[in-house]
$ cat structure_32.cif   # mmCIF, N, CA and C atoms
data_run
#
loop_
_atom_site.label_atom_id
_atom_site.label_comp_id
_atom_site.auth_asym_id
_atom_site.auth_seq_id
_atom_site.Cartn_x
_atom_site.Cartn_y
_atom_site.Cartn_z
N MET A 69 2.58 -3.86 -28.45
CA MET A 69 1.75 -2.78 -27.97
C MET A 69 1.40 -3.05 -26.51
N ALA A 70 1.68 -2.10 -25.65
CA ALA A 70 1.42 -2.27 -24.22
C ALA A 70 -0.07 -2.12 -23.93
N ARG A 71 -0.54 -2.94 -22.99
CA ARG A 71 -1.92 -2.83 -22.55
C ARG A 71 -2.00 -1.83 -21.41
N THR A 72 -3.08 -1.10 -21.38
CA THR A 72 -3.30 -0.14 -20.30
C THR A 72 -4.39 -0.69 -19.40
N ARG A 73 -4.11 -0.72 -18.09
CA ARG A 73 -5.10 -1.18 -17.13
C ARG A 73 -5.44 -0.04 -16.19
N THR A 74 -6.68 0.03 -15.85
CA THR A 74 -7.08 0.97 -14.82
C THR A 74 -7.67 0.18 -13.67
N ILE A 75 -7.38 0.61 -12.49
CA ILE A 75 -7.89 -0.06 -11.30
C ILE A 75 -8.91 0.88 -10.69
N ASP A 76 -10.18 0.49 -10.73
CA ASP A 76 -11.26 1.33 -10.24
C ASP A 76 -11.09 1.74 -8.79
N GLU A 77 -10.49 0.88 -7.98
CA GLU A 77 -10.34 1.19 -6.56
C GLU A 77 -9.54 2.48 -6.32
N PHE A 78 -8.62 2.79 -7.22
CA PHE A 78 -7.76 3.96 -7.02
C PHE A 78 -8.47 5.28 -7.27
N THR A 79 -9.67 5.23 -7.84
CA THR A 79 -10.40 6.46 -8.14
C THR A 79 -11.52 6.74 -7.14
N LYS A 80 -11.68 5.88 -6.14
CA LYS A 80 -12.73 6.09 -5.13
C LYS A 80 -12.38 7.28 -4.24
N PRO A 81 -13.39 7.93 -3.65
CA PRO A 81 -13.15 9.05 -2.74
C PRO A 81 -12.33 8.60 -1.53
N THR A 82 -11.53 9.51 -0.99
CA THR A 82 -10.67 9.22 0.14
C THR A 82 -11.42 9.44 1.45
N GLY A 83 -11.33 8.45 2.35
CA GLY A 83 -11.98 8.56 3.65
C GLY A 83 -11.08 9.19 4.70
N THR A 84 -9.82 8.78 4.77
CA THR A 84 -8.87 9.26 5.78
C THR A 84 -7.67 9.88 5.07
N ILE A 85 -7.24 11.05 5.55
CA ILE A 85 -6.08 11.72 4.96
C ILE A 85 -5.06 11.99 6.06
N ILE A 86 -3.83 11.55 5.84
CA ILE A 86 -2.72 11.90 6.72
C ILE A 86 -1.96 12.99 5.99
N GLY A 87 -2.13 14.22 6.48
CA GLY A 87 -1.66 15.39 5.77
C GLY A 87 -0.16 15.56 5.69
N LYS A 88 0.26 16.33 4.71
CA LYS A 88 1.66 16.67 4.51
C LYS A 88 2.17 17.37 5.76
N GLY A 89 3.32 16.98 6.23
CA GLY A 89 3.88 17.57 7.44
C GLY A 89 3.50 16.82 8.71
N LEU A 90 2.52 15.91 8.63
CA LEU A 90 2.09 15.14 9.80
C LEU A 90 2.86 13.82 9.84
N THR A 91 3.35 13.44 11.03
CA THR A 91 4.04 12.17 11.23
C THR A 91 3.29 11.37 12.27
N ILE A 92 2.95 10.14 11.94
CA ILE A 92 2.31 9.23 12.88
C ILE A 92 3.30 8.12 13.17
N GLN A 93 3.58 7.92 14.46
CA GLN A 93 4.47 6.84 14.88
C GLN A 93 3.68 5.87 15.73
N ALA A 94 3.58 4.64 15.27
CA ALA A 94 2.85 3.61 16.00
C ALA A 94 3.40 2.25 15.60
N ALA A 95 3.34 1.30 16.50
CA ALA A 95 3.79 -0.05 16.16
C ALA A 95 2.91 -0.62 15.06
N ARG A 96 1.58 -0.37 15.18
CA ARG A 96 0.61 -0.80 14.18
C ARG A 96 -0.43 0.28 14.02
N PHE A 97 -0.77 0.57 12.80
CA PHE A 97 -1.81 1.55 12.48
C PHE A 97 -2.82 0.82 11.64
N SER A 98 -4.05 0.69 12.13
CA SER A 98 -5.03 -0.07 11.36
C SER A 98 -6.35 0.69 11.25
N CYS A 99 -7.05 0.38 10.18
CA CYS A 99 -8.36 0.97 9.93
C CYS A 99 -9.24 -0.20 9.50
N ASN A 100 -10.26 -0.51 10.27
CA ASN A 100 -11.05 -1.71 10.03
C ASN A 100 -12.18 -1.55 9.03
N ASP A 101 -12.32 -0.38 8.45
CA ASP A 101 -13.39 -0.23 7.46
C ASP A 101 -12.82 -0.40 6.06
N SER A 102 -13.68 -0.32 5.08
CA SER A 102 -13.24 -0.52 3.70
C SER A 102 -13.00 0.80 2.98
N GLU A 103 -12.93 1.87 3.71
CA GLU A 103 -12.67 3.18 3.11
C GLU A 103 -11.24 3.26 2.60
N SER A 104 -10.96 4.29 1.83
CA SER A 104 -9.61 4.49 1.34
C SER A 104 -8.89 5.49 2.24
N MET A 105 -7.57 5.48 2.13
CA MET A 105 -6.72 6.35 2.92
C MET A 105 -5.67 6.97 2.00
N ARG A 106 -5.41 8.27 2.20
CA ARG A 106 -4.35 8.94 1.45
C ARG A 106 -3.28 9.39 2.44
N ILE A 107 -2.04 9.09 2.12
CA ILE A 107 -0.92 9.47 2.98
C ILE A 107 -0.08 10.50 2.24
N ASP A 108 -0.15 11.74 2.73
CA ASP A 108 0.68 12.82 2.21
C ASP A 108 1.86 13.09 3.14
N GLY A 109 1.75 12.62 4.40
CA GLY A 109 2.78 12.82 5.41
C GLY A 109 3.59 11.55 5.59
N THR A 110 3.93 11.25 6.87
CA THR A 110 4.79 10.12 7.19
C THR A 110 4.12 9.21 8.20
N VAL A 111 4.20 7.92 7.95
CA VAL A 111 3.74 6.92 8.91
C VAL A 111 4.93 6.02 9.22
N VAL A 112 5.26 5.94 10.52
CA VAL A 112 6.33 5.05 10.97
C VAL A 112 5.66 3.92 11.73
N GLY A 113 5.68 2.73 11.16
CA GLY A 113 5.01 1.57 11.75
C GLY A 113 4.19 0.87 10.69
N ASP A 114 3.68 -0.29 11.02
CA ASP A 114 2.92 -1.11 10.08
C ASP A 114 1.51 -0.55 9.90
N ILE A 115 0.99 -0.67 8.68
CA ILE A 115 -0.36 -0.20 8.35
C ILE A 115 -1.17 -1.39 7.86
N ALA A 116 -2.41 -1.48 8.34
CA ALA A 116 -3.34 -2.50 7.86
C ALA A 116 -4.70 -1.86 7.63
N ILE A 117 -5.23 -2.01 6.41
CA ILE A 117 -6.53 -1.44 6.06
C ILE A 117 -7.19 -2.36 5.05
N GLU A 118 -8.48 -2.52 5.16
CA GLU A 118 -9.21 -3.36 4.20
C GLU A 118 -9.35 -2.69 2.84
N GLY A 119 -9.34 -1.37 2.80
CA GLY A 119 -9.58 -0.63 1.57
C GLY A 119 -8.30 -0.32 0.80
N VAL A 120 -8.28 0.86 0.20
CA VAL A 120 -7.20 1.31 -0.67
C VAL A 120 -6.34 2.33 0.04
N ILE A 121 -5.02 2.22 -0.12
CA ILE A 121 -4.09 3.23 0.39
C ILE A 121 -3.43 3.91 -0.79
N ASN A 122 -3.51 5.24 -0.82
CA ASN A 122 -2.81 6.05 -1.82
C ASN A 122 -1.68 6.77 -1.09
N ILE A 123 -0.45 6.47 -1.44
CA ILE A 123 0.71 7.13 -0.86
C ILE A 123 1.18 8.15 -1.89
N SER A 124 0.96 9.44 -1.58
CA SER A 124 1.26 10.50 -2.56
C SER A 124 2.76 10.69 -2.71
N ASP A 125 3.14 11.57 -3.63
CA ASP A 125 4.57 11.81 -3.87
C ASP A 125 5.27 12.44 -2.67
N THR A 126 4.52 13.04 -1.74
CA THR A 126 5.11 13.57 -0.51
C THR A 126 4.98 12.58 0.65
N GLY A 127 4.31 11.46 0.42
CA GLY A 127 4.08 10.47 1.47
C GLY A 127 5.25 9.54 1.66
N HIS A 128 5.41 9.09 2.93
CA HIS A 128 6.47 8.15 3.27
C HIS A 128 5.94 7.17 4.31
N VAL A 129 6.13 5.89 4.05
CA VAL A 129 5.76 4.85 5.00
C VAL A 129 7.01 4.06 5.34
N ASP A 130 7.31 3.99 6.62
CA ASP A 130 8.44 3.20 7.10
C ASP A 130 7.86 2.05 7.91
N GLY A 131 7.45 0.99 7.22
CA GLY A 131 6.81 -0.17 7.85
C GLY A 131 6.13 -1.01 6.80
N ASN A 132 5.59 -2.13 7.21
CA ASN A 132 4.90 -3.03 6.30
C ASN A 132 3.46 -2.57 6.08
N VAL A 133 2.93 -2.85 4.89
CA VAL A 133 1.58 -2.44 4.54
C VAL A 133 0.79 -3.66 4.08
N VAL A 134 -0.39 -3.85 4.68
CA VAL A 134 -1.34 -4.87 4.25
C VAL A 134 -2.63 -4.13 3.92
N ALA A 135 -3.11 -4.30 2.68
CA ALA A 135 -4.30 -3.54 2.26
C ALA A 135 -5.03 -4.28 1.15
N GLY A 136 -6.21 -3.74 0.80
CA GLY A 136 -6.92 -4.26 -0.36
C GLY A 136 -6.15 -3.95 -1.62
N SER A 137 -5.77 -2.67 -1.79
CA SER A 137 -4.95 -2.21 -2.92
C SER A 137 -4.09 -1.06 -2.44
N VAL A 138 -2.95 -0.84 -3.12
CA VAL A 138 -2.05 0.26 -2.78
C VAL A 138 -1.56 0.93 -4.05
N ARG A 139 -1.59 2.26 -4.04
CA ARG A 139 -0.99 3.05 -5.11
C ARG A 139 0.12 3.86 -4.48
N VAL A 140 1.35 3.71 -4.98
CA VAL A 140 2.51 4.38 -4.39
C VAL A 140 3.07 5.39 -5.38
N ALA A 141 3.11 6.65 -4.94
CA ALA A 141 3.80 7.70 -5.69
C ALA A 141 4.96 8.24 -4.87
N GLY A 142 4.99 7.88 -3.58
CA GLY A 142 6.03 8.35 -2.67
C GLY A 142 7.02 7.24 -2.33
N ARG A 143 7.41 7.19 -1.05
CA ARG A 143 8.46 6.27 -0.61
C ARG A 143 7.92 5.29 0.42
N VAL A 144 8.26 4.02 0.24
CA VAL A 144 7.90 2.97 1.19
C VAL A 144 9.15 2.16 1.50
N THR A 145 9.41 2.02 2.80
CA THR A 145 10.49 1.16 3.26
C THR A 145 9.82 0.05 4.07
N GLY A 146 9.54 -1.06 3.42
CA GLY A 146 8.83 -2.16 4.04
C GLY A 146 8.12 -2.96 2.97
N ASN A 147 7.52 -4.05 3.37
CA ASN A 147 6.85 -4.94 2.42
C ASN A 147 5.41 -4.50 2.18
N LEU A 148 4.92 -4.72 0.96
CA LEU A 148 3.53 -4.43 0.58
C LEU A 148 2.84 -5.74 0.24
N GLN A 149 1.70 -6.00 0.88
CA GLN A 149 0.89 -7.18 0.56
C GLN A 149 -0.54 -6.71 0.33
N CYS A 150 -1.07 -7.03 -0.86
CA CYS A 150 -2.42 -6.59 -1.21
C CYS A 150 -3.23 -7.74 -1.77
N ARG A 151 -4.49 -7.75 -1.43
CA ARG A 151 -5.39 -8.78 -1.94
C ARG A 151 -5.74 -8.51 -3.40
N GLN A 152 -5.65 -7.24 -3.84
CA GLN A 152 -6.03 -6.92 -5.22
C GLN A 152 -4.85 -6.40 -6.03
N ALA A 153 -4.53 -5.11 -5.92
CA ALA A 153 -3.53 -4.53 -6.82
C ALA A 153 -2.54 -3.63 -6.11
N ILE A 154 -1.34 -3.59 -6.67
CA ILE A 154 -0.31 -2.62 -6.28
C ILE A 154 0.07 -1.87 -7.54
N HIS A 155 0.07 -0.54 -7.45
CA HIS A 155 0.46 0.31 -8.58
C HIS A 155 1.59 1.21 -8.13
N LEU A 156 2.77 1.06 -8.76
CA LEU A 156 3.91 1.92 -8.49
C LEU A 156 3.98 2.94 -9.62
N THR A 157 3.77 4.21 -9.28
CA THR A 157 3.78 5.28 -10.27
C THR A 157 5.23 5.67 -10.59
N PRO A 158 5.46 6.55 -11.56
CA PRO A 158 6.83 6.91 -11.94
C PRO A 158 7.67 7.51 -10.81
N THR A 159 7.03 8.08 -9.79
CA THR A 159 7.79 8.69 -8.69
C THR A 159 7.93 7.78 -7.48
N ALA A 160 7.45 6.54 -7.58
CA ALA A 160 7.49 5.60 -6.46
C ALA A 160 8.92 5.15 -6.16
N ASP A 161 9.20 4.97 -4.87
CA ASP A 161 10.50 4.47 -4.40
C ASP A 161 10.19 3.46 -3.30
N VAL A 162 10.28 2.17 -3.63
CA VAL A 162 9.91 1.11 -2.70
C VAL A 162 11.13 0.24 -2.42
N MET A 163 11.43 0.09 -1.13
CA MET A 163 12.49 -0.82 -0.70
C MET A 163 11.82 -1.90 0.14
N GLY A 164 11.48 -3.00 -0.50
CA GLY A 164 10.81 -4.10 0.18
C GLY A 164 10.15 -5.00 -0.84
N ASP A 165 9.66 -6.12 -0.39
CA ASP A 165 9.00 -7.08 -1.27
C ASP A 165 7.54 -6.69 -1.47
N ILE A 166 7.01 -6.98 -2.66
CA ILE A 166 5.61 -6.68 -2.95
C ILE A 166 4.91 -7.95 -3.43
N ARG A 167 3.63 -8.08 -3.02
CA ARG A 167 2.85 -9.25 -3.40
C ARG A 167 1.39 -8.85 -3.57
N ALA A 168 0.83 -9.19 -4.73
CA ALA A 168 -0.58 -8.87 -5.02
C ALA A 168 -1.02 -9.69 -6.23
N ALA A 169 -2.32 -9.69 -6.46
CA ALA A 169 -2.86 -10.36 -7.65
C ALA A 169 -2.43 -9.62 -8.91
N ILE A 170 -2.43 -8.28 -8.85
CA ILE A 170 -2.03 -7.44 -9.99
C ILE A 170 -0.93 -6.49 -9.51
N ILE A 171 0.17 -6.42 -10.25
CA ILE A 171 1.24 -5.48 -9.94
C ILE A 171 1.52 -4.66 -11.19
N ILE A 172 1.41 -3.34 -11.03
CA ILE A 172 1.67 -2.41 -12.14
C ILE A 172 2.86 -1.55 -11.74
N VAL A 173 3.90 -1.56 -12.56
CA VAL A 173 5.09 -0.75 -12.29
C VAL A 173 5.30 0.17 -13.48
N ASP A 174 5.10 1.46 -13.25
CA ASP A 174 5.28 2.45 -14.31
C ASP A 174 6.77 2.73 -14.54
N ASN A 175 7.08 3.17 -15.75
CA ASN A 175 8.44 3.54 -16.11
C ASN A 175 8.93 4.64 -15.18
N GLY A 176 10.08 4.44 -14.55
CA GLY A 176 10.64 5.43 -13.64
C GLY A 176 10.51 5.04 -12.18
N ALA A 177 9.59 4.12 -11.87
CA ALA A 177 9.43 3.67 -10.48
C ALA A 177 10.66 2.88 -10.05
N ILE A 178 11.00 3.00 -8.77
CA ILE A 178 12.13 2.27 -8.21
C ILE A 178 11.59 1.19 -7.28
N LEU A 179 12.02 -0.04 -7.50
CA LEU A 179 11.66 -1.16 -6.64
C LEU A 179 12.92 -1.95 -6.32
N VAL A 180 13.29 -1.98 -5.04
CA VAL A 180 14.41 -2.79 -4.59
C VAL A 180 13.80 -3.87 -3.70
N GLY A 181 13.59 -5.04 -4.26
CA GLY A 181 12.95 -6.13 -3.54
C GLY A 181 12.37 -7.12 -4.52
N ARG A 182 11.67 -8.08 -3.98
CA ARG A 182 11.08 -9.12 -4.81
C ARG A 182 9.63 -8.81 -5.09
N CYS A 183 9.15 -9.32 -6.23
CA CYS A 183 7.76 -9.15 -6.65
C CYS A 183 7.15 -10.53 -6.79
N GLN A 184 5.92 -10.65 -6.31
CA GLN A 184 5.20 -11.91 -6.49
C GLN A 184 3.76 -11.61 -6.84
N THR A 185 3.34 -12.13 -7.99
CA THR A 185 1.92 -12.02 -8.35
C THR A 185 1.30 -13.37 -8.07
N ASP A 186 0.10 -13.33 -7.58
CA ASP A 186 -0.58 -14.55 -7.21
C ASP A 186 -2.06 -14.33 -7.44
N VAL A 187 -2.62 -15.06 -8.40
CA VAL A 187 -4.03 -14.88 -8.73
C VAL A 187 -4.90 -15.20 -7.51
N SER A 188 -4.56 -16.25 -6.78
CA SER A 188 -5.31 -16.55 -5.56
C SER A 188 -4.45 -16.08 -4.39
N VAL A 189 -4.79 -14.95 -3.86
CA VAL A 189 -4.00 -14.36 -2.78
C VAL A 189 -4.60 -14.75 -1.43
N ASP A 190 -5.04 -16.00 -1.33
CA ASP A 190 -5.63 -16.47 -0.08
C ASP A 190 -4.62 -16.43 1.07
N ASN A 191 -3.34 -16.50 0.75
CA ASN A 191 -2.33 -16.47 1.80
C ASN A 191 -1.99 -15.05 2.25
N VAL A 192 -2.48 -14.05 1.53
CA VAL A 192 -2.29 -12.66 1.95
C VAL A 192 -3.35 -12.36 3.00
N PRO A 193 -2.92 -11.98 4.20
CA PRO A 193 -3.92 -11.76 5.25
C PRO A 193 -4.77 -10.53 4.98
N THR A 194 -5.99 -10.58 5.49
CA THR A 194 -6.80 -9.37 5.47
C THR A 194 -6.23 -8.44 6.53
N ALA A 195 -6.60 -7.20 6.51
CA ALA A 195 -6.09 -6.24 7.50
C ALA A 195 -6.47 -6.67 8.90
N ILE A 196 -7.68 -7.18 9.08
CA ILE A 196 -8.13 -7.59 10.41
C ILE A 196 -7.32 -8.79 10.89
N ALA A 197 -7.11 -9.77 10.04
CA ALA A 197 -6.31 -10.95 10.43
C ALA A 197 -4.88 -10.54 10.71
N TYR A 198 -4.33 -9.62 9.93
CA TYR A 198 -2.94 -9.18 10.10
C TYR A 198 -2.76 -8.54 11.47
N THR A 199 -3.65 -7.64 11.85
CA THR A 199 -3.51 -6.96 13.14
C THR A 199 -3.72 -7.95 14.28
N SER A 200 -4.58 -8.93 14.11
CA SER A 200 -4.80 -9.95 15.16
C SER A 200 -3.57 -10.83 15.33
N GLU A 201 -2.96 -11.22 14.22
CA GLU A 201 -1.74 -12.05 14.29
C GLU A 201 -0.61 -11.29 14.97
N GLN A 202 -0.49 -10.02 14.66
CA GLN A 202 0.60 -9.22 15.22
C GLN A 202 0.40 -8.97 16.71
N ALA A 203 -0.83 -9.01 17.17
CA ALA A 203 -1.11 -8.74 18.58
C ALA A 203 -0.68 -9.89 19.47
N MET A 204 -0.49 -11.08 18.87
CA MET A 204 -0.12 -12.26 19.67
C MET A 204 1.32 -12.21 20.09
#
$ encode --input "structure_32.cif" --output "structure tokens"
Amino acid sequence: MARTRTIDEFTKPTGTIIGKGLTIQAARFSCNDSESMRIDGTVVGDIAIEGVINISDTGHVDGNVVAGSVRVAGRVTGNLQCRQAIHLTPTADVMGDIRAAIIIVDNGAILVGRCQTDVSVDNVPTAIAYTSEQAM
């Protein structure tokens, strides 16, 4: 019998929305607060946020993502690193490595890459540390 897990972070209200049809191109896109972000459009470049990122079924990220948690229903071409959880829904299409304390992959999700779960994700940078390291 399969266990069902719910991640409370994925149900929090969204602070920032990148709308469908909108494309953001940046070397690094960061948000230093703990709010959540929903991506319905396209982001080209790396994303770093302390909170939760929800990538909808129309969302596309072409770059690496560092976040507290990530829920993917769309497409990601790049690596995902989260301090808490990664949830790949049935419509997710991820080409890259994923690393988090909790990884949930629903039936139908596509993952081309490696998966690593790590209860102590001390080696996963916070969004602030990630953007500082990349600036050097």
$ atom_distance --input "structure_32.cif" --atom1 "atom CA of Ile170 of chain A" --atom2 "atom CA of Lys88 of chain A"
28.4 Å
$ resolve_selection --input "structure_32.cif" --expression "the PyMOL selection byres (((chain A and resi 131-146 and name CA) around 8) and name CA)" --output "short mmCIF file (atom, residue, chain, number, x, y, z; two decimals) with N, CA and C atoms, keeping the file's coordinate frame"
data_model
loop_
_atom_site.label_atom_id
_atom_site.label_comp_id
_atom_site.auth_asym_id
_atom_site.auth_seq_id
_atom_site.Cartn_x
_atom_site.Cartn_y
_atom_site.Cartn_z
N GLU A 77 -10.49 0.88 -7.98
CA GLU A 77 -10.34 1.19 -6.56
C GLU A 77 -9.54 2.48 -6.32
N PHE A 78 -8.62 2.79 -7.22
CA PHE A 78 -7.76 3.96 -7.02
C PHE A 78 -8.47 5.28 -7.27
N VAL A 111 4.20 7.92 7.95
CA VAL A 111 3.74 6.92 8.91
C VAL A 111 4.93 6.02 9.22
N VAL A 112 5.26 5.94 10.52
CA VAL A 112 6.33 5.05 10.97
C VAL A 112 5.66 3.92 11.73
N GLY A 113 5.68 2.73 11.16
CA GLY A 113 5.01 1.57 11.75
C GLY A 113 4.19 0.87 10.69
N ASP A 114 3.68 -0.29 11.02
CA ASP A 114 2.92 -1.11 10.08
C ASP A 114 1.51 -0.55 9.90
N ILE A 115 0.99 -0.67 8.68
CA ILE A 115 -0.36 -0.20 8.35
C ILE A 115 -1.17 -1.39 7.86
N ALA A 116 -2.41 -1.48 8.34
CA ALA A 116 -3.34 -2.50 7.86
C ALA A 116 -4.70 -1.86 7.63
N ILE A 117 -5.23 -2.01 6.41
CA ILE A 117 -6.53 -1.44 6.06
C ILE A 117 -7.19 -2.36 5.05
N GLU A 118 -8.48 -2.52 5.16
CA GLU A 118 -9.21 -3.36 4.20
C GLU A 118 -9.35 -2.69 2.84
N GLY A 119 -9.34 -1.37 2.80
CA GLY A 119 -9.58 -0.63 1.57
C GLY A 119 -8.30 -0.32 0.80
N VAL A 120 -8.28 0.86 0.20
CA VAL A 120 -7.20 1.31 -0.67
C VAL A 120 -6.34 2.33 0.04
N ILE A 121 -5.02 2.22 -0.12
CA ILE A 121 -4.09 3.23 0.39
C ILE A 121 -3.43 3.91 -0.79
N ASN A 122 -3.51 5.24 -0.82
CA ASN A 122 -2.81 6.05 -1.82
C ASN A 122 -1.68 6.77 -1.09
N ILE A 123 -0.45 6.47 -1.44
CA ILE A 123 0.71 7.13 -0.86
C ILE A 123 1.18 8.15 -1.89
N SER A 124 0.96 9.44 -1.58
CA SER A 124 1.26 10.50 -2.56
C SER A 124 2.76 10.69 -2.71
N ASP A 125 3.14 11.57 -3.63
CA ASP A 125 4.57 11.81 -3.87
C ASP A 125 5.27 12.44 -2.67
N THR A 126 4.52 13.04 -1.74
CA THR A 126 5.11 13.57 -0.51
C THR A 126 4.98 12.58 0.65
N GLY A 127 4.31 11.46 0.42
CA GLY A 127 4.08 10.47 1.47
C GLY A 127 5.25 9.54 1.66
N HIS A 128 5.41 9.09 2.93
CA HIS A 128 6.47 8.15 3.27
C HIS A 128 5.94 7.17 4.31
N VAL A 129 6.13 5.89 4.05
CA VAL A 129 5.76 4.85 5.00
C VAL A 129 7.01 4.06 5.34
N ASP A 130 7.31 3.99 6.62
CA ASP A 130 8.44 3.20 7.10
C ASP A 130 7.86 2.05 7.91
N ASN A 147 7.52 -4.05 3.37
CA ASN A 147 6.85 -4.94 2.42
C ASN A 147 5.41 -4.50 2.18
N LEU A 148 4.92 -4.72 0.96
CA LEU A 148 3.53 -4.43 0.58
C LEU A 148 2.84 -5.74 0.24
N GLN A 149 1.70 -6.00 0.88
CA GLN A 149 0.89 -7.18 0.56
C GLN A 149 -0.54 -6.71 0.33
N CYS A 150 -1.07 -7.03 -0.86
CA CYS A 150 -2.42 -6.59 -1.21
C CYS A 150 -3.23 -7.74 -1.77
N ARG A 151 -4.49 -7.75 -1.43
CA ARG A 151 -5.39 -8.78 -1.94
C ARG A 151 -5.74 -8.51 -3.40
N GLN A 152 -5.65 -7.24 -3.84
CA GLN A 152 -6.03 -6.92 -5.22
C GLN A 152 -4.85 -6.40 -6.03
N ALA A 153 -4.53 -5.11 -5.92
CA ALA A 153 -3.53 -4.53 -6.82
C ALA A 153 -2.54 -3.63 -6.11
N ILE A 154 -1.34 -3.59 -6.67
CA ILE A 154 -0.31 -2.62 -6.28
C ILE A 154 0.07 -1.87 -7.54
N HIS A 155 0.07 -0.54 -7.45
CA HIS A 155 0.46 0.31 -8.58
C HIS A 155 1.59 1.21 -8.13
N LEU A 156 2.77 1.06 -8.76
CA LEU A 156 3.91 1.92 -8.49
C LEU A 156 3.98 2.94 -9.62
N THR A 157 3.77 4.21 -9.28
CA THR A 157 3.78 5.28 -10.27
C THR A 157 5.23 5.67 -10.59
N PRO A 158 5.46 6.55 -11.56
CA PRO A 158 6.83 6.91 -11.94
C PRO A 158 7.67 7.51 -10.81
N THR A 159 7.03 8.08 -9.79
CA THR A 159 7.79 8.69 -8.69
C THR A 159 7.93 7.78 -7.48
N ALA A 160 7.45 6.54 -7.58
CA ALA A 160 7.49 5.60 -6.46
C ALA A 160 8.92 5.15 -6.16
N ASP A 161 9.20 4.97 -4.87
CA ASP A 161 10.50 4.47 -4.40
C ASP A 161 10.19 3.46 -3.30
N VAL A 162 10.28 2.17 -3.63
CA VAL A 162 9.91 1.11 -2.70
C VAL A 162 11.13 0.24 -2.42
N MET A 163 11.43 0.09 -1.13
CA MET A 163 12.49 -0.82 -0.70
C MET A 163 11.82 -1.90 0.14
N GLY A 164 11.48 -3.00 -0.50
CA GLY A 164 10.81 -4.10 0.18
C GLY A 164 10.15 -5.00 -0.84
N ASP A 165 9.66 -6.12 -0.39
CA ASP A 165 9.00 -7.08 -1.27
C ASP A 165 7.54 -6.69 -1.47
N PRO A 193 -2.92 -11.98 4.20
CA PRO A 193 -3.92 -11.76 5.25
C PRO A 193 -4.77 -10.53 4.98
N THR A 194 -5.99 -10.58 5.49
CA THR A 194 -6.80 -9.37 5.47
C THR A 194 -6.23 -8.44 6.53
N ALA A 195 -6.60 -7.20 6.51
CA ALA A 195 -6.09 -6.24 7.50
C ALA A 195 -6.47 -6.67 8.90
N TYR A 198 -4.33 -9.62 9.93
CA TYR A 198 -2.94 -9.18 10.10
C TYR A 198 -2.76 -8.54 11.47
#
$ atom_distance --input "structure_32.cif" --atom1 "atom CA of Gly109 of chain A" --atom2 "atom CA of Thr84 of chain A"
12.2 Å
$ resolve_selection --input "structure_32.cif" --expression "the PyMOL selection byres ((chain A and resi 182) around 5)" --output "list in words"
Gly164, Asp165, Ile166, Val180, Gly181, Cys183 and Gln184 of chain A
$ atom_distance --input "structure_32.cif" --atom1 "atom C of Ala177 of chain A" --atom2 "atom N of Leu90 of chain A"
24.2 Å
$ closest_residue --input "structure_32.cif" --among "A:Gly87, A:Asp186, A:Ile172, A:Leu179" --to "Asp108 of chain A" --atoms "only N, CA and C atoms"
A:Gly87
$ closest_residue --input "structure_32.cif" --among "A:Asn175, A:Ser104, A:Thr185, A:Thr110" --to "Thr91 of chain A" --atoms "all atoms listed in the file"
A:Thr110
